[in-house]
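**Student:** Before anything else, here's the structure in question.
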Amino acid sequence: MVINERNIKIWSTIGSRATFGIAALELAKEIDNLMVLTCDVSTSAGLDRYRKTYPDKYLDLGIAEQNLIGVAAGLSSEGFNVVTTTFAPFQTIRCCEQIKVNIGYMKQKICMVGIASGLALGNLGFTHCCIEDIGILRTIPGMTIISPSDSLETVKALEASVNSNKSIYIRLTGSSNNPIVNGVDYKFEIGKSIQLREGKDITIFSAGAMVYNCLEAAKKLNEKNISCSVINMHTIKPIDKEAIKKACDENKIIVSVEEHNVIGGLGSAIAEYKATLSNPPKQLIIGVDDFYSKGGSYKFLQEKHGLSSDKIVDNILQNLK
């Protein structure tokens, strides 16, 4: 996989979905037993070239997501390195029992990629938005959950996942023209968060497309003499406990920001570990506040649910008072 500034800009322009398809195409050159399974989403997942180039490494199950997991488990049991993908709510919520039994209980190794998670498909309403997937899959024993912050991290996460011996869910958020967060020298490690900005007053934890919004919010807070650390918590399970403890030791307030329900997601994962510490600081959990709104554009829904950089700043300032 060639990683340079030119490719990073291209991947940013086309977004994480199409970048996933490009990454899979490159990985198929190196991994003989790779199998990519989809549910009628070859175009949406950027896999048209993959499908034409490697027809023997590609299987389209049609709109039958529960069968997708069953077939994937069967192929995994026969030694294939399996990647499944479809839109996030159908990859996870519709397949919950199959994921529990075939992946969790039977311990079959599969890499699931949920495309267009969070609020990206807001114009189609909350049947296609996905704010529940982390909360559901965190309860499946043995499941690793990764939410890449940009297209480069999507490439890194997919490569690490297919080379891992664990079952992993990659949660793709954002749309096209995905802002660049990480540079050419970026090193990705499952379970190890990345500190993108240093500060002394507040630590903001985030994942997925919200990482960029948090970096922008930190700049605006800095103008108000509030110094913020920003941590890309790309792996939500297993959570980076060391990073959480360090933030709790150094700050009077920690913040989590996520394109997910405030119940069951990144904020909950942080809070569960924080509860084991002595005298932990206050935690502010910013996300979708446990309700389904009407549909709308991605930008509109970020504003509606308090996830734009300005709304993040306002929420933090209000809680600091």
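Please note that chains go A, B, ... in the order of the structure tokens, that every chain numbers its residues from 1, and that ligands are numbered from 1 in the order shown.
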Can you list, as a PyMOL selection string, every protein, DNA or RNA residue that comes within 7 Å of Lys166 of chain A when you count only C-alpha atoms, leaving out same-chain residues fewer than 2 positions away?
**Tutor:** chain A and resi 109+164+168
**Student:** Mind checking which residues fall within 8 Å of segment 182-198 of chain A, counting only C-alpha atoms, ignoring those fewer than 5 positions away in the same chain, and posting them as a list in words?
**Tutor:**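 Result of the neighbour search: Ile3, Asn4, Glu5, Ile8, Ile146, Asp150, Leu152, Glu153, Lys156, Ala157, Ala160, Leu215, Ser227, Cys228, Ser229, Val230, Ile231, Asn232, Met233, His234, Thr235, Ile236, Lys237, Pro238, Ile239, Asp240 and Ala243 of chain A.
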**Student:** As a PDB file with C-alpha atoms, in the first residue's frame, which residues of segment 73-304 of chain A does DSSP assign to helix (DSSP H, G or I)?
**Tutor:**
ATOM      1  CA  ALA A  73     -18.549 -17.636   9.263  1.00  0.00           C
ATOM      2  CA  GLY A  74     -18.571 -20.709   7.039  1.00  0.00           C
ATOM      3  CA  LEU A  75     -15.796 -19.345   4.833  1.00  0.00           C
ATOM      4  CA  SER A  76     -13.790 -18.331   7.905  1.00  0.00           C
ATOM      5  CA  SER A  77     -14.079 -21.870   9.293  1.00  0.00           C
ATOM      6  CA  ALA A  88     -23.695   0.106   9.173  1.00  0.00           C
ATOM      7  CA  PRO A  89     -27.217  -0.445  10.582  1.00  0.00           C
ATOM      8  CA  PHE A  90     -27.713  -3.494   8.366  1.00  0.00           C
ATOM      9  CA  GLN A  91     -24.190  -4.830   9.049  1.00  0.00           C
ATOM     10  CA  THR A  92     -24.718  -4.707  12.821  1.00  0.00           C
ATOM     11  CA  CYS A  96     -27.029  -8.962  15.874  1.00  0.00           C
ATOM     12  CA  GLU A  97     -27.962 -12.587  16.621  1.00  0.00           C
ATOM     13  CA  GLN A  98     -25.775 -13.930  13.810  1.00  0.00           C
ATOM     14  CA  ILE A  99     -22.840 -11.840  15.032  1.00  0.00           C
ATOM     15  CA  LYS A 100     -23.364 -13.090  18.572  1.00  0.00           C
ATOM     16  CA  VAL A 101     -23.569 -16.765  17.618  1.00  0.00           C
ATOM     17  CA  ASN A 102     -21.342 -17.098  14.548  1.00  0.00           C
ATOM     18  CA  ILE A 103     -18.619 -14.604  15.445  1.00  0.00           C
ATOM     19  CA  GLY A 104     -18.751 -14.191  19.223  1.00  0.00           C
ATOM     20  CA  TYR A 105     -19.818 -17.624  20.447  1.00  0.00           C
ATOM     21  CA  GLY A 122     -29.149  11.740   7.297  1.00  0.00           C
ATOM     22  CA  ASN A 123     -31.182  12.551   4.196  1.00  0.00           C
ATOM     23  CA  LEU A 124     -32.462   8.946   4.283  1.00  0.00           C
ATOM     24  CA  ASP A 133     -23.715  -0.014  16.591  1.00  0.00           C
ATOM     25  CA  ILE A 134     -20.954   0.582  19.148  1.00  0.00           C
ATOM     26  CA  GLY A 135     -23.320   0.038  22.068  1.00  0.00           C
ATOM     27  CA  ILE A 136     -24.589  -3.236  20.620  1.00  0.00           C
ATOM     28  CA  LEU A 137     -21.257  -4.711  19.549  1.00  0.00           C
ATOM     29  CA  SER A 151      -9.434   7.997   5.157  1.00  0.00           C
ATOM     30  CA  LEU A 152      -5.774   7.257   5.860  1.00  0.00           C
ATOM     31  CA  GLU A 153      -6.695   5.722   9.193  1.00  0.00           C
ATOM     32  CA  THR A 154      -9.323   3.663   7.357  1.00  0.00           C
ATOM     33  CA  VAL A 155      -6.532   2.177   5.218  1.00  0.00           C
ATOM     34  CA  LYS A 156      -4.394   1.506   8.295  1.00  0.00           C
ATOM     35  CA  ALA A 157      -7.287   0.008  10.248  1.00  0.00           C
ATOM     36  CA  LEU A 158      -8.305  -2.367   7.450  1.00  0.00           C
ATOM     37  CA  GLU A 159      -4.743  -3.554   6.954  1.00  0.00           C
ATOM     38  CA  ALA A 160      -4.289  -4.156  10.691  1.00  0.00           C
ATOM     39  CA  SER A 161      -7.656  -5.902  10.956  1.00  0.00           C
ATOM     40  CA  VAL A 162      -7.174  -8.440   8.164  1.00  0.00           C
ATOM     41  CA  MET A 210     -15.704  13.821  15.118  1.00  0.00           C
ATOM     42  CA  VAL A 211     -11.953  13.896  15.773  1.00  0.00           C
ATOM     43  CA  TYR A 212     -11.537  16.704  13.230  1.00  0.00           C
ATOM     44  CA  ASN A 213     -14.437  18.654  14.773  1.00  0.00           C
ATOM     45  CA  CYS A 214     -12.780  18.299  18.174  1.00  0.00           C
ATOM     46  CA  LEU A 215      -9.475  19.616  16.850  1.00  0.00           C
ATOM     47  CA  GLU A 216     -11.319  22.644  15.477  1.00  0.00           C
ATOM     48  CA  ALA A 217     -13.153  23.082  18.792  1.00  0.00           C
ATOM     49  CA  ALA A 218      -9.837  22.942  20.680  1.00  0.00           C
ATOM     50  CA  LYS A 219      -8.462  25.787  18.520  1.00  0.00           C
ATOM     51  CA  LYS A 220     -11.502  27.918  19.332  1.00  0.00           C
ATOM     52  CA  LEU A 221     -11.245  27.124  23.052  1.00  0.00           C
ATOM     53  CA  ASN A 222      -7.574  28.049  22.985  1.00  0.00           C
ATOM     54  CA  LYS A 241      -7.081   2.604  29.812  1.00  0.00           C
ATOM     55  CA  GLU A 242      -3.647   4.132  30.184  1.00  0.00           C
ATOM     56  CA  ALA A 243      -4.678   7.229  28.205  1.00  0.00           C
ATOM     57  CA  ILE A 244      -7.867   7.612  30.261  1.00  0.00           C
ATOM     58  CA  LYS A 245      -6.014   7.327  33.570  1.00  0.00           C
ATOM     59  CA  LYS A 246      -3.446   9.903  32.484  1.00  0.00           C
ATOM     60  CA  ALA A 247      -6.189  12.350  31.519  1.00  0.00           C
ATOM     61  CA  CYS A 248      -8.025  11.753  34.792  1.00  0.00           C
ATOM     62  CA  ASP A 249      -4.848  12.366  36.782  1.00  0.00           C
ATOM     63  CA  GLU A 250      -4.101  15.638  34.985  1.00  0.00           C
ATOM     64  CA  LEU A 266     -17.214   5.843  23.577  1.00  0.00           C
ATOM     65  CA  GLY A 267     -18.348   7.981  26.504  1.00  0.00           C
ATOM     66  CA  SER A 268     -19.816   4.954  28.275  1.00  0.00           C
ATOM     67  CA  ALA A 269     -16.651   2.924  27.676  1.00  0.00           C
ATOM     68  CA  ILE A 270     -14.546   5.703  29.208  1.00  0.00           C
ATOM     69  CA  ALA A 271     -16.944   6.092  32.145  1.00  0.00           C
ATOM     70  CA  GLU A 272     -16.891   2.356  32.903  1.00  0.00           C
ATOM     71  CA  TYR A 273     -13.136   2.409  33.371  1.00  0.00           C
ATOM     72  CA  LYS A 274     -13.117   5.836  35.061  1.00  0.00           C
ATOM     73  CA  TYR A 298     -25.036  15.555   7.408  1.00  0.00           C
ATOM     74  CA  LYS A 299     -24.089  19.114   8.361  1.00  0.00           C
ATOM     75  CA  PHE A 300     -27.631  19.857   9.556  1.00  0.00           C
ATOM     76  CA  LEU A 301     -27.713  16.790  11.793  1.00  0.00           C
ATOM     77  CA  GLN A 302     -24.303  17.571  13.281  1.00  0.00           C
ATOM     78  CA  GLU A 303     -25.666  20.996  14.271  1.00  0.00           C
ATOM     79  CA  LYS A 304     -28.949  19.505  15.470  1.00  0.00           C
TER      80      LYS A 304
END
**Student:** Extract, using only C-alpha atoms, all DNA, RNA and protein residues at most 6 Å from Val82 of chain A, discarding same-chain residues fewer than 2 positions from it, and format them as a list in words.
**Tutor:**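 Near Val82 of chain A, the qualifying residues are Leu34, Met35, Val36, Phe80 and Ile110 of chain A.
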**Student:** Using only C-alpha atoms, which of A:Val83, A:Asn177, A:Ala64, A:Asn165 sits nearest Lys107 of chain A?
**Tutor:** A:Asn165
**Student:** Let me make sure I understand: among A:Cys39, A:Leu59, A:Leu307, A:Ile312, which one has the smallest atom-to-atom distance to Ile115 of chain A if we use only C-alpha atoms?
**Tutor:**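 Closest to Ile115 of chain A of all the choices is A:Cys39.
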**Student:** What residues in segment 156-293 of chain A get the DSSP label strand (DSSP E or B)? Please answer as JSON, numbers by chain.
**Tutor:** {"A": [167, 168, 169, 170, 171, 194, 195, 196, 197, 202, 203, 204, 205, 206, 228, 229, 230, 231, 232, 235, 236, 237, 253, 254, 255, 256, 257, 258, 259, 260, 261, 282, 283, 284, 285, 286, 287, 288]}
**Student:** For the residues selected in the previous step, produce a file with N, CA and C atoms as a tab-separated table (two decimals), in the first residue's frame.
**Tutor:**
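The result, written out as out_4.tsv:
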chain	number	residue	atom	x	y	z
A	167	SER	N	-11.74	-10.93	15.72
A	167	SER	CA	-12.87	-10.38	14.97
A	167	SER	C	-12.97	-8.89	15.27
A	168	ILE	N	-13.16	-8.10	14.21
A	168	ILE	CA	-13.10	-6.65	14.34
A	168	ILE	C	-14.25	-6.01	13.56
A	169	TYR	N	-14.82	-4.98	14.16
A	169	TYR	CA	-15.80	-4.14	13.47
A	169	TYR	C	-15.15	-2.78	13.21
A	170	ILE	N	-15.08	-2.39	11.93
A	170	ILE	CA	-14.58	-1.08	11.54
A	170	ILE	C	-15.77	-0.19	11.21
A	171	ARG	N	-15.90	0.88	11.95
A	171	ARG	CA	-17.06	1.78	11.84
A	171	ARG	C	-16.65	3.01	11.03
A	194	ILE	N	-4.11	7.95	20.09
A	194	ILE	CA	-3.13	8.91	19.59
A	194	ILE	C	-3.46	10.30	20.14
A	195	GLN	N	-2.49	10.93	20.79
A	195	GLN	CA	-2.69	12.30	21.24
A	195	GLN	C	-2.32	13.24	20.11
A	196	LEU	N	-3.31	13.97	19.61
A	196	LEU	CA	-3.13	14.85	18.46
A	196	LEU	C	-2.81	16.29	18.87
A	197	ARG	N	-3.17	16.64	20.07
A	197	ARG	CA	-2.95	18.01	20.55
A	197	ARG	C	-2.74	17.96	22.05
A	202	ILE	N	-8.18	20.67	29.79
A	202	ILE	CA	-9.23	19.69	29.45
A	202	ILE	C	-8.64	18.66	28.49
A	203	THR	N	-9.10	17.42	28.60
A	203	THR	CA	-8.79	16.41	27.59
A	203	THR	C	-10.08	16.02	26.89
A	204	ILE	N	-10.05	16.08	25.56
A	204	ILE	CA	-11.20	15.66	24.75
A	204	ILE	C	-10.84	14.35	24.06
A	205	PHE	N	-11.63	13.32	24.32
A	205	PHE	CA	-11.51	12.05	23.63
A	205	PHE	C	-12.55	11.99	22.52
A	206	SER	N	-12.15	11.50	21.36
A	206	SER	CA	-13.10	11.37	20.27
A	206	SER	C	-12.69	10.23	19.36
A	228	CYS	N	-6.67	22.67	25.57
A	228	CYS	CA	-7.28	21.34	25.42
A	228	CYS	C	-6.32	20.33	24.79
A	229	SER	N	-6.23	19.18	25.40
A	229	SER	CA	-5.65	18.02	24.72
A	229	SER	C	-6.74	17.35	23.90
A	230	VAL	N	-6.37	16.82	22.75
A	230	VAL	CA	-7.32	16.07	21.91
A	230	VAL	C	-6.71	14.69	21.64
A	231	ILE	N	-7.47	13.66	21.97
A	231	ILE	CA	-7.00	12.28	21.81
A	231	ILE	C	-7.91	11.53	20.85
A	232	ASN	N	-7.30	10.95	19.83
A	232	ASN	CA	-8.02	10.10	18.88
A	232	ASN	C	-8.12	8.70	19.47
A	235	THR	N	-9.69	3.10	18.73
A	235	THR	CA	-10.15	1.79	19.18
A	235	THR	C	-11.02	1.98	20.41
A	236	ILE	N	-12.28	1.62	20.28
A	236	ILE	CA	-13.23	1.81	21.37
A	236	ILE	C	-13.32	0.55	22.24
A	237	LYS	N	-13.02	-0.58	21.65
A	237	LYS	CA	-12.89	-1.82	22.40
A	237	LYS	C	-11.78	-2.64	21.77
A	253	ILE	N	-11.68	18.07	34.31
A	253	ILE	CA	-12.82	17.62	33.51
A	253	ILE	C	-12.29	16.94	32.26
A	254	ILE	N	-12.90	15.83	31.89
A	254	ILE	CA	-12.60	15.18	30.62
A	254	ILE	C	-13.88	15.14	29.80
A	255	VAL	N	-13.71	15.13	28.48
A	255	VAL	CA	-14.85	15.22	27.57
A	255	VAL	C	-14.75	14.10	26.54
A	256	SER	N	-15.86	13.52	26.19
A	256	SER	CA	-15.90	12.58	25.06
A	256	SER	C	-16.91	13.09	24.04
A	257	VAL	N	-16.54	12.98	22.77
A	257	VAL	CA	-17.40	13.45	21.68
A	257	VAL	C	-17.53	12.32	20.67
A	258	GLU	N	-18.76	11.96	20.31
A	258	GLU	CA	-18.96	10.84	19.40
A	258	GLU	C	-20.22	11.01	18.57
A	259	GLU	N	-20.16	10.47	17.37
A	259	GLU	CA	-21.30	10.47	16.44
A	259	GLU	C	-22.10	9.20	16.69
A	260	HIS	N	-22.64	9.10	17.89
A	260	HIS	CA	-23.29	7.89	18.39
A	260	HIS	C	-24.18	8.30	19.55
A	261	ASN	N	-25.09	7.45	19.92
A	261	ASN	CA	-25.89	7.69	21.12
A	261	ASN	C	-24.96	7.90	22.31
A	282	LYS	N	-14.79	15.12	36.70
A	282	LYS	CA	-16.08	15.17	36.02
A	282	LYS	C	-15.91	14.77	34.56
A	283	GLN	N	-16.91	14.12	34.00
A	283	GLN	CA	-16.88	13.74	32.58
A	283	GLN	C	-18.10	14.32	31.88
A	284	LEU	N	-17.84	14.95	30.74
A	284	LEU	CA	-18.91	15.46	29.88
A	284	LEU	C	-19.00	14.55	28.66
A	285	ILE	N	-20.16	13.94	28.43
A	285	ILE	CA	-20.37	13.05	27.29
A	285	ILE	C	-21.20	13.78	26.25
A	286	ILE	N	-20.59	14.05	25.09
A	286	ILE	CA	-21.27	14.75	24.00
A	286	ILE	C	-21.54	13.76	22.87
A	287	GLY	N	-22.78	13.68	22.45
A	287	GLY	CA	-23.17	12.79	21.37
A	287	GLY	C	-24.65	12.99	21.08
A	288	VAL	N	-25.24	12.05	20.37
A	288	VAL	CA	-26.68	12.10	20.11
A	288	VAL	C	-27.39	11.77	21.41
**Student:** Measuring between only C-alpha atoms, which one of A:Gln108, A:Tyr292, A:Ile22, A:Gly199 shows the shortest distance to Glu78 of chain A?
**Tutor:** A:Gln108
